[in-house]
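A.B. asks: Contents of run_38.cif (mmCIF, C-alpha atoms and all ligand atoms):
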```cif
data_query
loop_
_atom_site.label_atom_id
_atom_site.label_comp_id
_atom_site.auth_asym_id
_atom_site.auth_seq_id
_atom_site.Cartn_x
_atom_site.Cartn_y
_atom_site.Cartn_z
CA MET A 29 -206.08 329.53 113.16
CA HIS A 30 -209.63 330.62 114.10
CA TYR A 31 -208.67 330.30 117.70
CA ILE A 32 -205.63 332.51 117.27
CA LEU A 33 -207.63 335.17 115.35
CA TRP A 34 -210.21 335.07 118.11
CA GLN A 35 -207.47 335.55 120.72
CA HIS A 36 -205.98 338.45 118.76
CA GLY A 37 -209.45 339.95 118.17
CA ILE A 38 -210.38 339.94 121.85
CA PHE A 39 -207.03 341.43 122.71
CA ALA A 40 -207.28 344.06 119.95
CA MET A 41 -210.66 345.17 121.37
CA TYR A 42 -209.07 345.39 124.81
CA TYR A 43 -206.19 347.40 123.29
CA THR A 44 -208.52 349.86 121.49
CA SER A 45 -210.26 350.50 124.80
CA SER A 46 -206.72 351.91 125.60
CA LYS A 47 -206.14 349.75 128.67
CA VAL A 48 -202.77 348.46 127.37
CA THR A 49 -199.75 349.96 125.62
CA ALA A 50 -198.76 349.08 122.03
CA SER A 51 -195.66 347.18 123.15
CA GLU A 52 -197.75 345.10 125.59
CA PHE A 53 -200.20 344.34 122.79
CA PHE A 54 -197.45 342.97 120.52
CA ARG A 55 -195.86 341.00 123.39
CA TRP A 56 -199.15 339.26 124.16
CA SER A 57 -199.84 338.67 120.45
CA PHE A 58 -196.49 336.92 120.17
CA PHE A 59 -197.30 334.88 123.29
CA PHE A 60 -200.64 333.70 121.83
CA THR A 61 -198.91 332.74 118.56
CA LEU A 62 -196.35 330.70 120.50
CA ILE A 63 -199.04 328.90 122.52
CA ASN A 64 -200.84 328.02 119.31
CA GLN A 65 -197.67 326.71 117.68
CA THR A 66 -196.76 324.57 120.66
CA SER A 67 -200.15 322.89 120.89
CA ASN A 68 -200.52 321.59 117.32
CA ASN A 69 -202.77 318.71 116.52
CA MET A 70 -200.96 316.86 113.78
CA LYS A 71 -201.99 314.05 111.47
CA ILE A 72 -199.18 311.49 111.45
CA GLY A 73 -198.90 308.63 108.95
CA ILE A 74 -197.09 305.31 109.37
CA PRO A 75 -196.90 303.53 105.99
CA LYS A 76 -195.77 299.92 105.58
CA GLU A 77 -192.10 299.57 104.62
CA ILE A 78 -191.76 298.18 101.10
CA LYS A 79 -187.97 297.79 100.73
CA ASN A 80 -186.99 294.20 99.99
CA LEU A 81 -187.35 292.03 103.12
CA GLU A 82 -187.74 295.08 105.38
CA PHE A 83 -189.90 294.13 108.36
CA ARG A 84 -189.43 297.14 110.61
CA VAL A 85 -192.11 299.80 111.06
CA GLY A 86 -191.81 303.53 111.79
CA MET A 87 -193.52 303.45 115.19
CA THR A 88 -194.47 300.84 117.82
CA PRO A 89 -197.99 300.84 119.30
CA ALA A 90 -196.43 302.27 122.50
CA GLY A 91 -195.12 305.26 120.49
CA VAL A 92 -198.48 305.71 118.74
CA ASP A 93 -200.24 305.60 122.11
CA SER A 94 -198.06 308.39 123.42
CA LEU A 95 -198.66 310.57 120.30
CA ILE A 96 -202.43 310.09 120.54
CA LYS A 97 -202.37 310.93 124.26
CA ASN A 98 -200.68 314.21 123.21
CA GLY A 99 -203.67 315.07 121.04
CA HIS A 100 -202.41 313.91 117.62
CA GLN A 101 -204.07 311.61 115.08
CA VAL A 102 -202.17 308.60 113.77
CA PHE A 103 -202.93 306.72 110.53
CA VAL A 104 -201.26 303.33 110.13
CA GLU A 105 -201.25 301.38 106.87
CA GLN A 106 -202.88 297.96 107.11
CA ASN A 107 -200.42 295.26 108.29
CA ALA A 108 -197.59 297.82 108.61
CA GLY A 109 -196.51 296.43 111.99
CA LEU A 110 -197.01 292.70 111.31
CA GLY A 111 -193.34 292.05 110.51
CA SER A 112 -192.32 293.53 113.86
CA GLY A 113 -194.95 291.52 115.75
CA PHE A 114 -197.65 294.25 116.01
CA SER A 115 -201.14 293.52 114.65
CA ASP A 116 -203.54 296.19 113.35
CA ALA A 117 -205.74 295.42 116.37
CA VAL A 118 -202.98 296.53 118.79
CA TYR A 119 -202.60 299.85 116.94
CA GLN A 120 -206.40 300.28 116.93
CA SER A 121 -206.57 299.56 120.66
CA VAL A 122 -204.44 302.68 121.33
CA GLY A 123 -206.56 304.83 118.99
CA ALA A 124 -204.79 304.63 115.59
CA LYS A 125 -206.85 304.53 112.39
CA ILE A 126 -205.92 301.70 110.03
CA LEU A 127 -205.97 302.60 106.31
CA PRO A 128 -205.86 300.02 103.50
CA THR A 129 -203.21 301.64 101.28
CA ALA A 130 -200.01 303.68 101.52
CA GLN A 131 -201.54 306.25 99.16
CA GLU A 132 -204.33 307.01 101.66
CA VAL A 133 -201.81 307.31 104.51
CA TYR A 134 -199.71 309.80 102.49
CA GLN A 135 -202.86 311.70 101.43
CA LEU A 136 -204.07 312.29 105.00
CA ALA A 137 -200.82 312.71 106.89
CA GLU A 138 -199.05 316.03 107.47
CA MET A 139 -196.02 314.08 108.68
CA ILE A 140 -194.86 310.64 107.52
CA VAL A 141 -192.76 308.64 109.99
CA LYS A 142 -190.91 305.79 108.29
CA VAL A 143 -187.82 303.63 108.59
CA LYS A 144 -186.19 303.52 105.13
CA GLU A 145 -186.06 306.11 102.36
CA PRO A 146 -189.12 306.37 100.08
CA LEU A 147 -188.87 304.13 97.01
CA ALA A 148 -189.78 305.25 93.47
CA SER A 149 -193.33 303.86 93.76
CA GLU A 150 -193.90 306.15 96.76
CA TYR A 151 -192.57 309.37 95.15
CA PRO A 152 -195.93 310.32 93.54
CA PHE A 153 -197.69 310.17 96.95
CA ILE A 154 -195.42 312.82 98.52
CA ARG A 155 -196.72 316.38 98.37
CA PRO A 156 -195.17 319.83 98.85
CA GLY A 157 -194.85 320.85 102.50
CA GLN A 158 -195.35 317.32 103.83
CA ILE A 159 -192.85 316.36 106.54
CA LEU A 160 -190.91 313.14 105.89
CA PHE A 161 -189.04 311.89 108.95
CA THR A 162 -187.03 308.77 108.12
CA TYR A 163 -183.59 307.43 107.14
CA PHE A 164 -182.72 308.87 103.71
CA HIS A 165 -178.96 308.25 103.22
CA PHE A 166 -179.09 310.78 100.37
CA ALA A 167 -175.32 310.51 99.74
CA ALA A 168 -175.86 307.00 98.33
CA SER A 169 -178.50 308.04 95.75
CA LYS A 170 -178.65 311.02 93.43
CA GLU A 171 -181.99 309.76 92.07
CA LEU A 172 -183.58 309.92 95.54
CA THR A 173 -182.04 313.35 96.22
CA GLU A 174 -183.45 314.77 92.97
CA ALA A 175 -186.85 313.14 93.54
CA MET A 176 -187.16 314.69 97.01
CA ILE A 177 -186.09 318.14 95.73
CA LYS A 178 -188.81 317.81 93.09
CA SER A 179 -191.42 316.73 95.68
CA LYS A 180 -190.88 319.99 97.68
CA ALA A 181 -191.35 317.99 100.89
CA ILE A 182 -189.69 318.80 104.25
CA CYS A 183 -187.11 316.04 104.56
CA ILE A 184 -185.61 315.46 108.00
CA ALA A 185 -183.06 312.63 107.83
CA TYR A 186 -182.68 310.44 110.93
CA GLU A 187 -179.01 309.81 110.12
CA THR A 188 -178.03 313.49 110.27
CA VAL A 189 -179.92 314.48 113.43
CA GLU A 190 -176.81 315.39 115.41
CA LEU A 191 -176.36 316.39 119.07
CA PRO A 192 -173.89 319.13 120.07
CA ASP A 193 -171.32 316.44 121.04
CA HIS A 194 -171.50 315.23 117.38
CA SER A 195 -173.20 311.94 118.29
CA LEU A 196 -176.05 310.76 116.06
CA PRO A 197 -178.92 309.70 118.34
CA LEU A 198 -181.11 308.22 115.58
CA LEU A 199 -178.32 306.32 113.85
CA THR A 200 -176.93 304.89 117.08
CA PRO A 201 -179.63 302.27 117.80
CA MET A 202 -179.44 300.81 114.27
CA SER A 203 -175.64 300.97 114.31
CA GLU A 204 -175.68 299.00 117.56
CA VAL A 205 -177.85 296.34 115.94
CA ALA A 206 -175.80 296.25 112.69
CA GLY A 207 -172.47 296.13 114.55
CA ARG A 208 -173.55 293.12 116.59
CA MET A 209 -175.09 291.45 113.53
CA ALA A 210 -171.93 292.00 111.44
CA ILE A 211 -170.05 289.44 113.52
CA GLN A 212 -172.95 286.96 113.52
CA VAL A 213 -173.20 287.04 109.71
CA GLY A 214 -169.44 287.25 109.24
CA SER A 215 -168.80 284.12 111.30
CA PHE A 216 -171.67 282.34 109.48
CA TYR A 217 -170.19 283.09 106.03
CA LEU A 218 -166.67 282.11 107.12
CA ALA A 219 -167.95 278.50 107.24
CA LYS A 220 -167.09 276.34 104.21
CA PRO A 221 -170.70 275.45 103.19
CA GLN A 222 -171.41 279.19 102.88
CA GLY A 223 -168.38 279.77 100.62
CA GLY A 224 -165.99 280.96 103.33
CA LYS A 225 -162.49 279.63 104.04
CA GLY A 226 -163.79 277.40 106.84
CA LYS A 227 -162.55 279.00 110.01
CA LEU A 228 -164.08 279.23 113.48
CA LEU A 229 -163.80 282.77 114.86
CA GLY A 230 -162.64 281.71 118.31
CA GLY A 231 -160.44 278.78 117.24
CA VAL A 232 -160.23 275.95 119.84
CA PRO A 233 -157.63 275.08 122.51
CA GLY A 234 -154.36 274.58 120.62
CA VAL A 235 -155.67 276.22 117.41
CA LEU A 236 -155.33 279.98 116.86
CA PRO A 237 -158.48 282.12 116.59
CA ALA A 238 -159.44 284.02 113.41
CA ASN A 239 -158.23 287.59 112.82
CA VAL A 240 -160.93 290.24 112.63
CA LEU A 241 -160.10 293.71 111.24
CA ILE A 242 -162.57 296.48 112.00
CA LEU A 243 -162.33 299.71 109.97
CA GLY A 244 -163.84 302.47 112.12
CA GLY A 245 -164.23 302.29 115.90
CA GLY A 246 -167.50 304.21 116.24
CA VAL A 247 -170.80 302.65 117.28
CA VAL A 248 -170.83 299.84 114.66
CA GLY A 249 -167.13 299.09 115.17
CA THR A 250 -167.40 299.01 118.96
CA GLN A 251 -170.38 296.64 119.00
CA ALA A 252 -168.71 294.41 116.39
CA ALA A 253 -165.51 294.34 118.41
CA LYS A 254 -167.39 293.35 121.58
CA MET A 255 -169.12 290.45 119.81
CA ALA A 256 -165.96 289.23 118.06
CA ALA A 257 -163.95 289.50 121.27
CA GLY A 258 -166.66 287.59 123.14
CA LEU A 259 -166.34 284.75 120.61
CA GLY A 260 -162.58 284.67 121.21
CA ALA A 261 -161.33 286.20 117.92
CA ASN A 262 -158.16 288.24 117.61
CA VAL A 263 -159.56 291.72 116.93
CA THR A 264 -157.94 294.93 115.61
CA ILE A 265 -159.83 298.23 115.39
CA LEU A 266 -158.49 300.97 113.10
CA ASP A 267 -159.68 304.55 113.48
CA THR A 268 -158.39 308.03 112.68
CA ASN A 269 -159.76 309.52 115.91
CA LEU A 270 -157.05 309.19 118.52
CA ALA A 271 -159.37 310.04 121.42
CA ARG A 272 -161.67 307.24 120.31
CA LEU A 273 -158.74 304.80 120.08
CA ARG A 274 -157.70 305.75 123.62
CA TYR A 275 -161.22 305.12 124.90
CA LEU A 276 -161.43 301.75 123.11
CA ASN A 277 -158.00 300.77 124.35
CA ASP A 278 -159.12 301.48 127.94
CA THR A 279 -162.47 299.68 127.74
CA MET A 280 -162.04 296.70 125.38
CA PRO A 281 -160.99 293.21 126.49
CA PRO A 282 -157.35 292.11 126.00
CA ASN A 283 -158.02 290.33 122.68
CA VAL A 284 -158.88 293.71 121.06
CA ASN A 285 -156.03 295.90 119.78
CA THR A 286 -156.31 299.44 118.47
CA GLN A 287 -154.26 301.08 115.73
CA PHE A 288 -154.30 304.45 113.98
CA SER A 289 -155.91 304.04 110.56
CA THR A 290 -153.59 304.69 107.60
CA HIS A 291 -153.35 303.23 104.12
CA PHE A 292 -150.10 301.54 105.19
CA ALA A 293 -151.61 299.93 108.33
CA ILE A 294 -154.59 298.56 106.37
CA GLN A 295 -152.31 297.05 103.69
CA GLU A 296 -150.21 295.35 106.38
CA HIS A 297 -153.25 293.63 107.89
CA LEU A 298 -154.85 292.35 104.68
CA PRO A 299 -152.84 289.10 104.17
CA SER A 300 -153.56 287.80 107.70
CA THR A 301 -157.17 288.92 108.07
CA ASP A 302 -160.09 286.45 107.94
CA LEU A 303 -163.01 288.80 108.53
CA ILE A 304 -163.09 292.55 107.72
CA ILE A 305 -165.88 294.83 108.98
CA GLY A 306 -166.34 298.17 107.16
CA ALA A 307 -167.66 300.62 109.77
CA VAL A 308 -166.32 304.03 108.71
CA LEU A 309 -168.48 307.13 108.62
CA LEU A 310 -167.76 310.66 107.44
CA HIS A 311 -170.87 312.50 108.60
CA GLY A 312 -173.26 313.23 105.73
CA ALA A 313 -170.71 312.27 103.04
CA LYS A 314 -169.87 309.22 100.98
CA ALA A 315 -167.63 306.72 102.79
CA PRO A 316 -163.96 306.76 101.68
CA HIS A 317 -162.77 303.63 99.83
CA LEU A 318 -160.15 302.32 102.27
CA ILE A 319 -159.77 298.98 100.45
CA LYS A 320 -159.48 299.16 96.65
CA ARG A 321 -160.18 296.42 94.12
CA GLU A 322 -156.46 295.76 93.60
CA ASP A 323 -156.04 295.25 97.39
CA LEU A 324 -158.33 292.20 97.31
CA LYS A 325 -155.48 290.15 95.80
CA LYS A 326 -153.64 290.51 99.13
CA ILE A 327 -156.57 288.98 101.06
CA SER A 328 -156.60 285.17 101.30
CA PRO A 329 -159.40 283.39 99.34
CA GLY A 330 -162.55 282.64 101.32
CA SER A 331 -162.07 285.60 103.65
CA VAL A 332 -165.23 287.62 104.37
CA LEU A 333 -165.87 291.37 104.01
CA VAL A 334 -168.94 292.78 105.76
CA ASP A 335 -169.26 296.39 104.59
CA VAL A 336 -171.77 297.86 107.03
CA ALA A 337 -171.04 301.33 105.63
CA VAL A 338 -172.65 300.28 102.32
CA ASP A 339 -175.56 302.66 103.01
CA GLN A 340 -173.09 305.55 102.61
CA GLY A 341 -171.53 304.01 99.49
CA GLY A 342 -169.29 301.51 101.32
CA CYS A 343 -165.66 301.78 102.48
CA ILE A 344 -164.55 298.89 100.23
CA GLU A 345 -164.41 299.78 96.52
CA THR A 346 -165.91 296.48 95.33
CA CYS A 347 -168.92 296.80 97.64
CA ARG A 348 -172.35 297.17 96.04
CA PRO A 349 -175.65 297.12 97.96
CA THR A 350 -177.26 293.70 98.41
CA THR A 351 -180.49 292.54 100.04
CA HIS A 352 -181.37 289.96 102.69
CA GLU A 353 -182.75 287.82 99.88
CA ASN A 354 -179.43 287.71 98.05
CA PRO A 355 -176.92 289.07 100.55
CA VAL A 356 -173.49 287.99 99.26
CA PHE A 357 -171.29 287.93 96.16
CA PHE A 358 -167.66 287.13 95.39
CA GLU A 359 -165.01 289.49 94.01
CA GLU A 360 -161.46 288.13 93.59
CA ASP A 361 -162.40 285.05 95.71
CA VAL A 362 -163.32 287.26 98.67
CA LEU A 363 -166.89 286.93 99.93
CA HIS A 364 -168.72 290.29 100.23
CA TYR A 365 -171.78 290.84 102.46
CA CYS A 366 -173.20 294.32 101.76
CA VAL A 367 -176.80 294.41 102.96
CA ALA A 368 -177.88 298.04 103.24
CA ASN A 369 -180.60 297.42 105.84
CA MET A 370 -179.08 294.83 108.14
CA PRO A 371 -181.29 295.68 111.16
CA GLY A 372 -184.33 294.84 108.99
CA ALA A 373 -183.54 291.17 109.59
CA VAL A 374 -184.21 291.48 113.34
CA PRO A 375 -187.30 293.73 113.30
CA GLN A 376 -188.56 292.96 116.78
CA THR A 377 -185.32 294.26 118.29
CA SER A 378 -184.80 297.04 115.73
CA THR A 379 -188.29 298.59 115.73
CA ALA A 380 -188.27 298.83 119.53
CA ALA A 381 -184.72 300.27 119.51
CA LEU A 382 -185.61 302.81 116.78
CA THR A 383 -188.91 304.05 118.25
CA GLN A 384 -187.41 304.65 121.69
CA ALA A 385 -184.89 306.97 120.00
CA THR A 386 -187.17 308.73 117.45
CA LEU A 387 -190.25 309.27 119.63
CA PRO A 388 -189.02 312.41 121.47
CA TYR A 389 -188.26 314.06 118.09
CA VAL A 390 -191.58 312.96 116.55
CA GLN A 391 -193.35 314.47 119.59
CA LEU A 392 -191.42 317.71 119.16
CA LEU A 393 -192.24 317.96 115.43
CA ALA A 394 -195.90 317.12 116.02
CA ASN A 395 -196.33 319.48 119.00
CA GLN A 396 -194.50 322.49 117.58
CA GLY A 397 -194.54 322.09 113.79
CA TRP A 398 -191.26 321.63 111.91
CA GLN A 399 -190.13 325.28 111.82
CA LEU A 400 -190.39 325.91 115.55
CA ALA A 401 -189.15 322.41 116.44
CA CYS A 402 -186.03 322.93 114.30
CA GLU A 403 -185.51 326.42 115.74
CA ASN A 404 -185.76 325.11 119.29
CA ASN A 405 -183.77 321.91 118.83
CA SER A 406 -180.35 322.12 117.19
CA ALA A 407 -180.10 318.33 116.76
CA LEU A 408 -183.33 318.26 114.75
CA LYS A 409 -182.21 321.30 112.75
CA ASN A 410 -179.08 319.38 111.72
CA GLY A 411 -181.36 316.67 110.30
CA LEU A 412 -183.32 319.15 108.15
CA THR A 413 -181.95 318.37 104.69
CA MET A 414 -184.62 319.68 102.34
CA GLU A 415 -187.21 322.39 102.61
CA ASN A 416 -189.77 323.01 99.87
CA GLY A 417 -187.42 322.01 97.04
CA HIS A 418 -184.27 323.60 98.55
CA LEU A 419 -181.33 321.35 99.38
CA LEU A 420 -179.86 322.56 102.70
CA ASP A 421 -176.87 320.22 102.93
CA ALA A 422 -173.74 321.76 101.37
CA LYS A 423 -171.74 318.48 101.32
CA LEU A 424 -174.55 316.74 99.45
CA ALA A 425 -174.89 319.60 96.99
CA LEU A 426 -171.16 319.39 96.24
CA GLU A 427 -171.25 315.59 95.98
CA PHE A 428 -174.00 315.64 93.36
CA ASN A 429 -173.19 318.99 91.79
CA LEU A 430 -176.65 320.29 92.63
N1 LIG A 501 -175.82 298.44 106.60
C1 LIG A 501 -176.63 298.74 107.59
O1 LIG A 501 -177.67 298.13 107.76
C2 LIG A 501 -176.24 299.82 108.56
C3 LIG A 501 -176.87 299.96 109.80
C4 LIG A 501 -176.43 300.95 110.68
C5 LIG A 501 -175.39 301.80 110.34
N2 LIG A 501 -174.81 301.65 109.12
C6 LIG A 501 -173.67 302.47 108.67
O2 LIG A 501 -172.48 302.09 109.34
C7 LIG A 501 -171.55 303.17 109.23
C8 LIG A 501 -170.89 303.41 110.58
O3 LIG A 501 -171.85 303.94 111.49
P1 LIG A 501 -171.46 304.33 113.00
O4 LIG A 501 -172.74 304.62 113.70
O5 LIG A 501 -170.55 303.34 113.59
O6 LIG A 501 -170.68 305.71 112.77
P2 LIG A 501 -169.73 306.43 113.83
O7 LIG A 501 -169.67 307.86 113.45
O8 LIG A 501 -170.12 306.08 115.22
O9 LIG A 501 -168.30 305.75 113.55
C9 LIG A 501 -167.56 305.97 112.40
C10 LIG A 501 -166.10 305.90 112.76
O10 LIG A 501 -165.34 305.91 111.56
C11 LIG A 501 -164.12 306.56 111.90
N3 LIG A 501 -163.37 306.92 110.69
C12 LIG A 501 -163.50 307.98 109.86
N4 LIG A 501 -162.58 307.91 108.87
C13 LIG A 501 -161.86 306.79 109.08
C14 LIG A 501 -160.77 306.17 108.42
N5 LIG A 501 -160.24 306.70 107.32
N6 LIG A 501 -160.29 304.99 108.91
C15 LIG A 501 -160.82 304.44 110.01
N7 LIG A 501 -161.85 304.99 110.70
C16 LIG A 501 -162.36 306.15 110.24
C17 LIG A 501 -164.58 307.76 112.72
O11 LIG A 501 -163.51 308.32 113.46
C18 LIG A 501 -165.63 307.08 113.61
O12 LIG A 501 -165.09 306.63 114.84
C19 LIG A 501 -172.37 304.35 108.70
O13 LIG A 501 -172.15 304.50 107.32
C20 LIG A 501 -173.79 303.93 108.94
O14 LIG A 501 -174.71 304.56 108.07
C21 LIG A 501 -175.21 300.69 108.22
#
```
Could I get this structure in the form of structure tokens?

C.D. replies:
Amino acid sequence: MHYILWQHGIFAMYYTSSKVTASEFFRWSFFFTLINQTSNNMKIGIPKEIKNLEFRVGMTPAGVDSLIKNGHQVFVEQNAGLGSGFSDAVYQSVGAKILPTAQEVYQLAEMIVKVKEPLASEYPFIRPGQILFTYFHFAASKELTEAMIKSKAICIAYETVELPDHSLPLLTPMSEVAGRMAIQVGSFYLAKPQGGKGKLLGGVPGVLPANVLILGGGVVGTQAAKMAAGLGANVTILDTNLARLRYLNDTMPPNVNTQFSTHFAIQEHLPSTDLIIGAVLLHGAKAPHLIKREDLKKISPGSVLVDVAVDQGGCIETCRPTTHENPVFFEEDVLHYCVANMPGAVPQTSTAALTQATLPYVQLLANQGWQLACENNSALKNGLTMENGHLLDAKLALEFNL
């Protein structure tokens, strides 16, 4: 600020000595303001994730190194990276300051970079005007939405940062992980000792493979289909996007079929399906319930439902969020796996995958400040969900009547 006043002062003196015109004066003033805004020095905080069995961290030491080399300061909570294989010493070696508590990180930081949404114990640390850059999944929690409105923070949600082609660059890496994991966990729980019907996904020579039904052929659905097909299962992907179905039909192996998603098609598949993956997304809204409680009676006992879309409310009516500690439950003899933070179980893969996607946006926010960064980058602007107590997402406002 002093620097900018100094710049303006010098220039004003030059102007009063009538060497420049008024329009030139204002043009140069604007230029100095822009320079100042694009060379911010920001204090960035990386608190430890406290959601149950969440081992990811908001930034790898490589990401922190790059922020510090750009002139920013980074504060990392003690042991924040341990679960992902990064010691405090590694963060310190690239110039980060280690702080003993989350409260101190929140107190010092102008921007908090996290993985999961803040939990109730963190709400009191958040202050007006502070930037929170993390996954929020507001549609799944009115309590969180109201708490963030009250905090008057600047909330930029990873999951709604959207490129002009409608892809979601910060959801994609975690969707890739969750899609691949969905088949690993699904095949595990299909085994009898885990409560499943006792079926091997790929069958064996002379014995038919299991049937896998995937609801939604986006990133999660595609990665799940690849894994299930690789294990030899008989896979069907349902989607409402015909262009996507055409692409999948062209690129998937022969044991993957595609079908337009309708209520009728889903009902037809239920009796013969062994493993169902819920992978539907309606951007920024609650997932539609494509399988209702009464439909479970059509599914054979011991079948497995993995509702990956649980973080948006789930696309199976009987789905409720579970944790890695207690991941499954039964409804109508059908085993449900509904862990809301699946990638948290493989933090070494997930933290690296997340940071490589978020870092360019963190750099932009830190270098330019949130207003200019959102003005200059439409993807980031799409992620801006709350600003000083104002909810900017119309779908969310409708959903919660806010
Ligand atoms: N549980 C977890 O740990 C975890 C991790 C990552 C992602 N997710 C969630 O998984 C879900 C899917 O994410 P994604 O990245 O694959 O999204 P995506 O946008 O890539 O794919 C969603 C697909 O659903 C399709 N769809 C919409 N309505 C449909 C319908 N009625 N029937 C069938 N398909 C329909 C869309 O056409 C799209 O192809 C999201 O809710 C996401 O938040 C959860």

A.B. asks: Rounded to one decimal place, report the atom CA of Arg208 of chain A-atom CA of Glu190 of chain A distance in Å.

C.D. replies: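 Interatomic distance here is 22.5 Å.
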
A.B. asks: Quick check, in Å to one decimal: how far apart do atom N7 of ligand LIG 501 (chain A) and atom CA of Thr383 of chain A lie?

C.D. replies: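 If I compute the distance from atom N7 of ligand LIG 501 (chain A) to atom CA of Thr383 of chain A, I get 28.1 Å.
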
A.B. asks: Report the distance between atom CA of Gly111 of chain A and atom CA of Ala381 of chain A in Å, rounded to one decimal place.

C.D. replies: 14.9 Å

A.B. asks: Considering all atoms listed in the file, can you say which of A:Leu266, A:Val92, A:Ala108, A:Arg348 comes closest to Gly123 of chain A?

C.D. replies: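 The answer is A:Val92, which sits nearest to Gly123 of chain A.
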
A.B. asks: Around the point (-180.5, 321.6, 115.1), in the coordinates given by the file, pick out the residues reaching within 12 Å, counting all atoms listed in the file, and return them as a PyMOL selection string.

C.D. replies: chain A and resi 184-185+188-192+194+196+389+398-413

A.B. asks: Report as a ChimeraX atom specification which protein, DNA and RNA residues come within 6 Å of ligand LIG 501 (chain A), using all atoms listed in the file.

C.D. replies: /A:199-200,202-203,206,243-249,266-269,289,307-310,336-340,367-371

A.B. asks: With 8 Å of padding per side, what axis-aligned box (centre and edge lengths, Å, one decimal) covers all the listed atoms of segment 135-147 of chain A? Give it as lines of an AutoDock Vina configuration file.

C.D. replies:
```
center_x = -195.1
center_y = 309.8
center_z = 103.5
size_x = 34.0
size_y = 28.5
size_z = 29.0
```

A.B. asks: Got a sec: who's within 8 Å of Tyr134 of chain A, counting all atoms listed in the file, leaving out chain neighbours fewer than 6 positions off, as a ChimeraX atom specification?

C.D. replies: /A:73,75,140,153-154

A.B. asks: Can you work out which one of A:Ala380, A:Lys225, A:Gly214, A:Leu318 has the shortest atom-to-atom distance to Phe114 of chain A, counting only C-alpha atoms?

C.D. replies: A:Ala380

A.B. asks: Find the residues near Met176 of chain A: any atom within 12 Å, counting all atoms listed in the file, skip ones fewer than 2 places away on the same chain, and give them as a ChimeraX atom specification.

C.D. replies: /A:145-148,150-160,164,166,169-174,178-185,413-419

A.B. asks: Using only C-alpha atoms, which of the listed residues (A:Asp93, A:Gly207, A:Gln287, A:Gly226) sits closest to Leu273 of chain A?

C.D. replies: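 Result for the nearest residue to Leu273 of chain A: A:Gln287.
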
A.B. asks: Quick one: residues within 9 Å of Met255 of chain A, only C-alpha atoms, excluding same-chain residues fewer than 3 positions away - as a VMD selection string?

C.D. replies: chain A and resid 207 to 212 250 to 252 258 to 260

A.B. asks: As a short mmCIF file (atom, residue, chain, number, x, y, z; two decimals), keeping the file's coordinate frame, could you write out segment 340-352 of chain A once it has been completed with N, CA and C atoms?

C.D. replies:
```cif
data_model
loop_
_atom_site.label_atom_id
_atom_site.label_comp_id
_atom_site.auth_asym_id
_atom_site.auth_seq_id
_atom_site.Cartn_x
_atom_site.Cartn_y
_atom_site.Cartn_z
N GLN A 340 -173.72 304.27 102.95
CA GLN A 340 -173.09 305.55 102.61
C GLN A 340 -172.11 305.33 101.44
N GLY A 341 -172.35 304.30 100.67
CA GLY A 341 -171.53 304.01 99.49
C GLY A 341 -170.47 302.95 99.73
N GLY A 342 -170.23 302.59 101.01
CA GLY A 342 -169.29 301.51 101.32
C GLY A 342 -167.86 301.99 101.45
N CYS A 343 -167.06 301.36 102.35
CA CYS A 343 -165.66 301.78 102.48
C CYS A 343 -164.73 300.77 101.80
N ILE A 344 -165.32 299.83 101.03
CA ILE A 344 -164.55 298.89 100.23
C ILE A 344 -165.00 299.10 98.78
N GLU A 345 -164.06 299.35 97.88
CA GLU A 345 -164.41 299.78 96.52
C GLU A 345 -165.34 298.80 95.81
N THR A 346 -165.14 297.49 96.06
CA THR A 346 -165.91 296.48 95.33
C THR A 346 -167.29 296.23 95.94
N CYS A 347 -167.62 296.99 96.98
CA CYS A 347 -168.92 296.80 97.64
C CYS A 347 -170.04 297.37 96.79
N ARG A 348 -171.13 296.62 96.64
CA ARG A 348 -172.35 297.17 96.04
C ARG A 348 -173.53 296.67 96.88
N PRO A 349 -174.58 297.48 97.01
CA PRO A 349 -175.65 297.12 97.96
C PRO A 349 -176.31 295.80 97.60
N THR A 350 -176.53 294.96 98.61
CA THR A 350 -177.26 293.70 98.41
C THR A 350 -178.47 293.68 99.34
N THR A 351 -179.28 292.64 99.22
CA THR A 351 -180.49 292.54 100.04
C THR A 351 -180.43 291.27 100.89
N HIS A 352 -181.33 291.17 101.85
CA HIS A 352 -181.37 289.96 102.69
C HIS A 352 -181.70 288.72 101.85
#
```
